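For reference, entry.txt is printed below; it contains compact mmCIF, C-alpha atoms.
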```txt
# COMPACT_ATOMS: atom_id res chain seq x y z
CA MET A 1 -27.59 -52.17 -9.44
CA ALA A 2 -26.36 -48.86 -10.77
CA ARG A 3 -23.11 -47.50 -9.34
CA VAL A 4 -23.69 -45.73 -6.02
CA ARG A 5 -21.24 -42.84 -6.20
CA TYR A 6 -21.12 -42.25 -2.45
CA GLY A 7 -20.20 -45.90 -1.96
CA ALA A 8 -16.72 -47.19 -1.19
CA ARG A 9 -14.15 -47.02 -3.98
CA THR A 10 -12.34 -50.19 -4.99
CA GLU A 11 -8.66 -50.72 -4.25
CA ALA A 12 -7.94 -50.36 -7.97
CA GLU A 13 -9.69 -46.97 -8.12
CA ILE A 14 -7.80 -45.75 -5.06
CA ALA A 15 -4.48 -46.90 -6.55
CA GLN A 16 -5.32 -45.20 -9.87
CA ALA A 17 -6.03 -41.88 -8.11
CA ARG A 18 -2.78 -42.16 -6.15
CA GLU A 19 -0.80 -42.85 -9.33
CA ALA A 20 -2.39 -39.90 -11.14
CA ARG A 21 -1.31 -37.57 -8.32
CA SER A 22 2.28 -38.80 -8.59
CA ARG A 23 2.48 -37.96 -12.32
CA LEU A 24 1.40 -34.33 -12.27
CA PRO A 25 3.24 -32.19 -14.85
CA ASP A 26 5.00 -28.95 -13.97
CA ILE A 27 2.39 -26.26 -13.39
CA TRP A 28 3.72 -22.77 -14.05
CA SER A 29 2.49 -19.55 -12.50
CA THR A 30 3.06 -15.89 -13.27
CA GLY A 31 3.44 -13.93 -10.09
CA VAL A 32 4.50 -10.77 -8.34
CA ALA A 33 6.47 -11.08 -5.11
CA ALA A 34 7.36 -8.32 -2.66
CA VAL A 35 9.47 -8.46 0.48
CA TRP A 36 9.62 -5.65 2.99
CA GLU A 37 11.10 -4.88 6.36
CA SER A 38 8.46 -4.33 9.03
CA ASP A 39 8.15 -3.55 12.72
CA PRO A 40 9.95 -6.30 14.67
CA ASP A 41 7.45 -6.22 17.54
CA ALA A 42 4.53 -6.58 15.13
CA VAL A 43 6.14 -9.53 13.35
CA ALA A 44 6.93 -11.25 16.65
CA ALA A 45 3.36 -10.71 17.88
CA VAL A 46 1.78 -12.82 15.11
CA LEU A 47 3.97 -15.91 15.63
CA PRO A 48 2.39 -18.72 17.69
CA PRO A 49 4.77 -20.83 19.81
CA PRO A 50 7.04 -22.63 19.12
CA LEU A 51 7.78 -20.33 16.13
CA LYS A 52 10.23 -17.52 16.80
CA PRO A 53 11.14 -14.37 14.88
CA SER A 54 14.01 -14.56 12.42
CA ALA A 55 16.99 -12.23 12.59
CA ARG A 56 15.21 -9.70 10.33
CA PRO A 57 11.53 -8.69 10.64
CA LEU A 58 10.54 -9.52 7.07
CA VAL A 59 7.11 -9.79 5.46
CA ARG A 60 6.50 -11.35 2.04
CA ALA A 61 3.51 -11.04 -0.29
CA ASN A 62 3.08 -13.39 -3.26
CA ILE A 63 0.34 -12.76 -5.85
CA SER A 64 0.07 -15.25 -8.71
CA LYS A 65 -2.00 -16.55 -11.56
CA VAL A 66 -1.53 -20.32 -11.88
CA ASP A 67 -1.82 -22.00 -15.29
CA LEU A 68 -3.97 -24.96 -14.30
CA PRO A 69 -5.24 -26.65 -17.50
CA GLY A 70 -8.78 -25.44 -18.12
CA TYR A 71 -8.97 -24.13 -14.57
CA PRO A 72 -6.83 -21.01 -14.08
CA LEU A 73 -6.30 -20.17 -10.43
CA GLY A 74 -5.51 -16.98 -8.59
CA ALA A 75 -3.35 -17.66 -5.55
CA GLY A 76 -1.72 -15.40 -3.00
CA SER A 77 -0.20 -15.25 0.44
CA VAL A 78 1.11 -12.87 3.06
CA ALA A 79 3.74 -14.41 5.33
CA VAL A 80 6.27 -13.38 7.95
CA ALA A 81 9.80 -14.72 8.37
CA ALA A 82 10.10 -17.22 11.21
CA VAL A 83 12.37 -19.86 12.73
CA HIS A 84 11.60 -23.27 14.20
CA ASP A 85 14.24 -25.53 15.71
CA GLY A 86 16.97 -23.83 13.71
CA HIS A 87 15.05 -23.98 10.42
CA GLU A 88 14.46 -20.64 8.64
CA GLY A 89 11.14 -20.31 6.85
CA TRP A 90 7.91 -18.36 6.46
CA TYR A 91 4.67 -18.39 8.43
CA PRO A 92 1.71 -17.45 6.18
CA LEU A 93 -1.06 -15.47 7.85
CA VAL A 94 -3.53 -15.57 4.96
CA MET A 95 -3.59 -17.34 1.59
CA PRO A 96 -6.40 -16.08 -0.68
CA MET A 97 -7.47 -18.47 -3.44
CA THR A 98 -10.02 -17.87 -6.19
CA HIS A 99 -11.48 -21.41 -6.23
CA GLU A 100 -12.75 -23.69 -3.50
CA ARG A 101 -10.92 -26.64 -5.05
CA ALA A 102 -7.62 -25.04 -4.01
CA LEU A 103 -8.81 -24.60 -0.42
CA THR A 104 -9.69 -28.20 0.37
CA GLY A 105 -6.33 -29.92 0.18
CA GLY A 106 -4.45 -26.95 1.56
CA ARG A 107 -6.55 -26.53 4.68
CA GLU A 108 -7.41 -30.17 5.39
CA VAL A 109 -4.09 -31.82 4.52
CA PHE A 110 -1.43 -29.19 5.21
CA GLY A 111 -3.21 -26.82 7.58
CA GLU A 112 -2.71 -23.86 5.25
CA PRO A 113 -4.68 -20.70 6.14
CA LYS A 114 -6.43 -20.55 2.76
CA LYS A 115 -9.57 -18.48 2.22
CA LEU A 116 -11.66 -17.64 -0.82
CA GLY A 117 -10.69 -14.26 -2.22
CA GLU A 118 -9.94 -12.20 -5.29
CA VAL A 119 -6.46 -12.32 -6.81
CA SER A 120 -5.38 -10.01 -9.60
CA VAL A 121 -2.13 -9.90 -11.60
CA GLU A 122 -2.14 -7.48 -14.51
CA ARG A 123 0.65 -6.36 -16.79
CA GLU A 124 0.32 -3.81 -19.56
CA GLY A 125 3.66 -3.21 -21.21
CA LEU A 126 5.99 -2.31 -18.39
CA VAL A 127 3.25 -1.41 -15.90
CA VAL A 128 2.32 -4.04 -13.31
CA HIS A 129 -0.55 -4.07 -10.87
CA ALA A 130 -1.28 -6.96 -8.49
CA SER A 131 -3.66 -7.20 -5.56
CA LEU A 132 -5.26 -9.47 -2.96
CA ALA A 133 -8.84 -8.66 -2.01
CA ARG A 134 -11.54 -10.10 0.23
CA HIS A 135 -14.92 -8.70 1.30
CA GLY A 136 -14.52 -5.88 -1.22
CA ILE A 137 -11.22 -4.65 0.27
CA ALA A 138 -7.94 -4.83 -1.65
CA PHE A 139 -5.88 -5.28 1.49
CA VAL A 140 -2.59 -5.75 -0.40
CA GLU A 141 -1.70 -3.91 -3.59
CA ILE A 142 1.63 -3.95 -5.43
CA ARG A 143 2.21 -1.37 -8.17
CA GLY A 144 5.23 -0.59 -10.27
CA ALA A 145 7.18 -0.61 -13.50
CA VAL A 146 9.15 -3.55 -14.86
CA GLY A 147 12.89 -2.97 -15.07
CA GLU A 148 15.76 -5.15 -16.13
CA PRO A 149 15.68 -8.95 -16.39
CA LEU A 150 17.34 -10.68 -13.45
CA PRO A 151 19.61 -13.74 -13.54
CA LEU A 152 17.60 -16.90 -13.06
CA PRO A 153 18.16 -18.40 -9.61
CA ALA A 154 19.14 -22.03 -9.29
CA PRO A 155 16.41 -24.46 -8.24
CA ALA A 156 15.76 -23.79 -4.55
CA THR A 157 14.14 -25.42 -1.55
CA LYS A 158 11.88 -23.23 0.58
CA LEU A 159 10.10 -23.88 3.86
CA ASP A 160 6.70 -22.77 5.19
CA PHE A 161 5.25 -23.40 8.64
CA TYR A 162 1.57 -24.30 9.22
CA PHE A 163 -0.55 -25.42 12.15
CA LYS A 164 -2.99 -28.24 11.46
CA PHE A 165 -5.93 -28.62 13.86
CA LEU A 166 -9.65 -29.28 14.22
CA PRO A 167 -11.87 -27.14 16.48
CA ALA A 168 -13.48 -29.24 19.17
CA VAL A 169 -16.99 -30.51 18.51
CA ASP A 170 -18.17 -29.10 21.86
CA GLY A 171 -16.77 -25.64 21.10
CA GLU A 172 -14.01 -25.89 23.72
CA GLY A 173 -10.58 -25.64 22.12
CA PHE A 174 -9.49 -28.52 19.87
CA ASP A 175 -10.39 -32.16 19.36
CA ALA A 176 -6.69 -33.04 19.76
CA ASP A 177 -3.42 -31.21 20.21
CA PRO A 178 -2.55 -29.21 17.06
CA VAL A 179 0.32 -30.30 14.82
CA LEU A 180 3.13 -28.09 13.50
CA ILE A 181 3.73 -28.79 9.80
CA HIS A 182 6.92 -28.17 7.86
CA CYS A 183 5.99 -27.72 4.20
CA THR A 184 8.96 -27.98 1.84
CA ARG A 185 8.73 -26.57 -1.68
CA HIS A 186 11.12 -27.27 -4.52
CA GLU A 187 10.99 -24.27 -6.82
CA LYS A 188 12.22 -23.61 -10.35
CA VAL A 189 12.15 -20.20 -12.08
CA ARG A 190 12.18 -19.66 -15.86
CA ARG A 191 11.73 -15.87 -16.00
CA LEU A 192 12.43 -13.09 -13.51
CA GLU A 193 12.32 -9.29 -13.80
CA ARG A 194 12.78 -6.53 -11.28
CA ILE A 195 9.94 -4.14 -10.46
CA THR A 196 10.42 -0.60 -9.21
CA GLY A 197 7.31 0.26 -7.25
CA ASP A 198 5.57 0.20 -3.92
CA VAL A 199 3.43 -1.93 -1.63
CA VAL A 200 0.14 -0.56 -0.30
CA LEU A 201 -1.59 -2.18 2.70
CA ARG A 202 -5.21 -1.26 3.37
CA GLU A 203 -7.16 -1.63 6.59
CA SER A 204 -9.36 -4.72 6.79
CA MET A 205 -10.89 -6.20 9.92
CA TYR A 206 -10.87 -9.59 8.17
CA ASP A 207 -7.27 -9.52 6.91
CA PRO A 208 -5.39 -7.04 9.14
CA VAL A 209 -2.01 -7.22 7.39
CA ALA A 210 -1.88 -3.42 7.67
CA ASP A 211 -0.58 -4.10 11.20
CA LEU A 212 2.70 -5.18 9.53
CA PRO A 213 3.79 -1.79 8.17
CA VAL A 214 6.01 -1.36 5.13
CA LEU A 215 9.06 0.33 6.65
CA ARG A 216 11.40 -0.45 3.77
CA VAL A 217 10.74 -2.31 0.52
CA LEU A 218 13.61 -4.70 -0.12
CA ASP A 219 12.58 -6.44 -3.32
CA ILE A 220 9.74 -6.57 -5.85
CA THR A 221 9.84 -8.97 -8.80
CA ILE A 222 7.62 -10.52 -11.45
CA GLY A 223 8.39 -13.93 -12.84
CA GLU A 224 7.32 -17.40 -13.89
CA LYS A 225 7.93 -20.37 -11.61
CA THR A 226 6.82 -23.90 -10.83
CA SER A 227 7.07 -25.84 -7.59
CA ASP A 228 5.98 -28.97 -5.80
CA GLN A 229 5.44 -29.38 -2.08
CA GLN A 230 5.80 -32.02 0.58
CA GLY A 231 4.48 -31.72 4.12
CA ARG A 232 5.80 -33.28 7.31
CA ALA A 233 4.24 -33.24 10.78
CA VAL A 234 7.16 -32.37 13.05
CA GLU A 235 5.60 -32.08 16.51
CA ARG A 236 2.46 -31.71 18.57
CA VAL A 237 2.12 -28.22 20.01
CA SER A 238 0.43 -26.88 23.11
CA ALA A 239 -3.28 -26.33 22.56
CA ASP A 240 -3.31 -23.63 25.24
CA ALA A 241 -0.42 -21.81 23.57
CA LEU A 242 -1.97 -21.89 20.09
CA LEU A 243 -5.55 -21.05 21.04
CA PRO A 244 -4.98 -17.26 21.38
CA TYR A 245 -3.83 -17.16 17.74
CA ILE A 246 -6.63 -19.20 16.17
CA HIS A 247 -8.61 -16.12 15.13
CA GLN A 248 -5.97 -15.73 12.39
CA ARG A 249 -7.74 -18.56 10.54
CA TYR A 250 -11.31 -17.19 10.66
CA ASP A 251 -13.17 -14.11 9.52
CA ASP A 252 -15.23 -14.14 12.72
CA PRO A 253 -12.65 -13.64 15.49
CA GLN A 254 -14.95 -15.32 18.01
CA GLN A 255 -15.72 -18.38 15.88
CA ILE A 256 -13.23 -20.72 17.51
CA HIS A 257 -14.29 -19.68 21.02
CA ASP A 258 -18.04 -20.06 20.52
CA GLY A 259 -19.87 -23.13 21.69
CA PRO A 260 -22.63 -24.72 19.57
CA PRO A 261 -25.86 -22.68 19.51
CA GLN A 262 -28.34 -23.75 22.15
CA GLY A 263 -31.01 -26.01 20.70
CA SER A 264 -29.23 -26.20 17.35
CA VAL A 265 -30.75 -28.47 14.73
CA ARG A 266 -28.69 -31.57 13.91
```
Encoded form (structure tokens):
Amino acid sequence: MARVRYGARTEAEIAQAREARSRLPDIWSTGVAAVWESDPDAVAAVLPPPLKPSARPLVRANISKVDLPGYPLGAGSVAVAAVHDGHEGWYPLVMPMTHERALTGGREVFGEPKKLGEVSVEREGLVVHASLARHGIAFVEIRGAVGEPLPLPAPATKLDFYFKFLPAVDGEGFDADPVLIHCTRHEKVRRLERITGDVVLRESMYDPVADLPVLRVLDITIGEKTSDQQGRAVERVSADALLPYIHQRYDDPQQIHDGPPQGSVR
């Protein structure tokens, strides 16, 4: 009988796939990063419990082109500074990706708020323009001129916070209590330059980062980096406490609260 591709894989095939994942080479990206000080009340308002605001109300936008062999990827994020159990990190609100392949592992394994979108990083001489767009709206745009090279930072460990969950099959909340994920990234940088410019946030009902105003730009850079990541489930969180924030994950703000359509076809 011919191989049935939806059939079970053998133990050898599973082991081979696991070994291939463990031997991934460094994958470098070219990206623009901006950090700004925002309204402290606005930053606090987007943080689901048990996350708490950090000492400074910071927002960070990353916009990158990733050099995947034969499969270049645009990847971005907008995140706010947060603290959990004494650990300083970032809570991403939206992570646009240009390919569905990048969504699957991020959303299903780590709980990352990834969505399909348009990611642009352009450099012409000393002029840089980078943007994140969805539904025809460039809701984040970073523009500026490249200045002096910066000293390369030492390899660093960075932390992001995610919530991993599944909406309930009956439309009422979740199938189980959500899980708070600590995602640790080990990052290396091989080029870094300062940008003098500005950050523009545009109104979007789908990606309302304009609610986190740019009060003071602290840093804009362009550089090349590589990183790996490891996730850890640290605790179950209250379903009731997280539910009011779940619209952050969906374009339809009512999606998580809707029950299945009456008489829906199975």
For the contact check between stretch 155-204 of chain A and stretch 86-97 of chain A, emit one row per residue of stretch 155-204 of chain A within 10 Å, containing the shortest atom pair and the distance in Å rounded to one decimal, counting only C-alpha atoms, chain then rising number order, as a Markdown table.
```
| residue | atom | partner | partner_atom | distance |
| --- | --- | --- | --- | --- |
| A:Lys158 | CA | A:Gly89 | CA | 7.0 |
| A:Leu159 | CA | A:Gly89 | CA | 4.8 |
| A:Asp160 | CA | A:Trp90 | CA | 4.7 |
| A:Phe161 | CA | A:Tyr91 | CA | 5.0 |
| A:Tyr162 | CA | A:Tyr91 | CA | 6.7 |
| A:Phe163 | CA | A:Tyr91 | CA | 9.5 |
| A:His182 | CA | A:Gly89 | CA | 9.0 |
| A:Cys183 | CA | A:Gly89 | CA | 9.4 |
| A:Thr184 | CA | A:Gly89 | CA | 9.4 |
```
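Taking atom CA of A:Val146 as the reference point, atom CA of A:Ala210 is found at 25.1 Å.
Compared by their closest atoms to A:Ala176, and using all atoms listed in the file, the residues A:Glu141, A:Glu148, A:Asp240, A:Asp207 rank with A:Asp240 nearest.
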Of the candidates A:Glu235, A:Thr226, A:Leu212, A:Val128, which shows the shortest atom-to-atom distance to A:Asp177, using all atoms listed in the file?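 Checking each candidate against A:Asp177, we get A:Glu235 as the closest.
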Suppose you want the space between atom CA of A:Asp85 and atom CA of A:Ala42; what is it in Å?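 These atoms are spaced 21.3 Å apart.
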Write out as a ChimeraX atom specification each polymer residue whose atoms come within 12 Å of A:Pro208, counting only C-alpha atoms; drop sequence neighbours fewer than 6 positions from it. /A:42,46,78,93-94,133-134,137-140,201-202,247-251,253
From the options A:Ala145, A:Val209, A:Val169, A:Ala81, which residue's atoms come nearest to A:Leu126, counting all atoms listed in the file? A:Ala145
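Minimum atom-to-atom distance to A:Ser77, evaluated using only C-alpha atoms, belongs to A:Val32 out of A:Met205, A:Ala241, A:Val109, A:Val32.
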Residues within 6 Å of A:Val59, please, as a list in words. Count only C-alpha atoms; anything in the same chain fewer than 6 positions from it doesn't count.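 Final neighbour list, sorted by chain and number: Val35, Trp36, Ala79 and Val80 of chain A.
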Under the rule that only C-alpha atoms are counted, which of A:Gly76, A:Pro167, A:Pro149, A:Pro40 is the nearest residue to A:Val214?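 With only C-alpha atoms as the atom set, the closest residue is A:Pro40.
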Work out where the centre of an axis-aligned box around every listed atom of stretch 178-191 of chain A lies and how long its edges are once 4 Å is added on each side; give both in Å to one decimal as AutoDock Vina command-line options.
```
--center_x 4.8 --center_y -23.1 --center_z 0.5 --size_x 22.8 --size_y 22.4 --size_z 41.1
```
With distances taken over all atoms listed in the file, which of A:His135, A:Arg5, A:Arg101, A:Arg236 is nearest to A:Pro50?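 Answer, going by the shortest atom-to-atom distance: A:Arg236.
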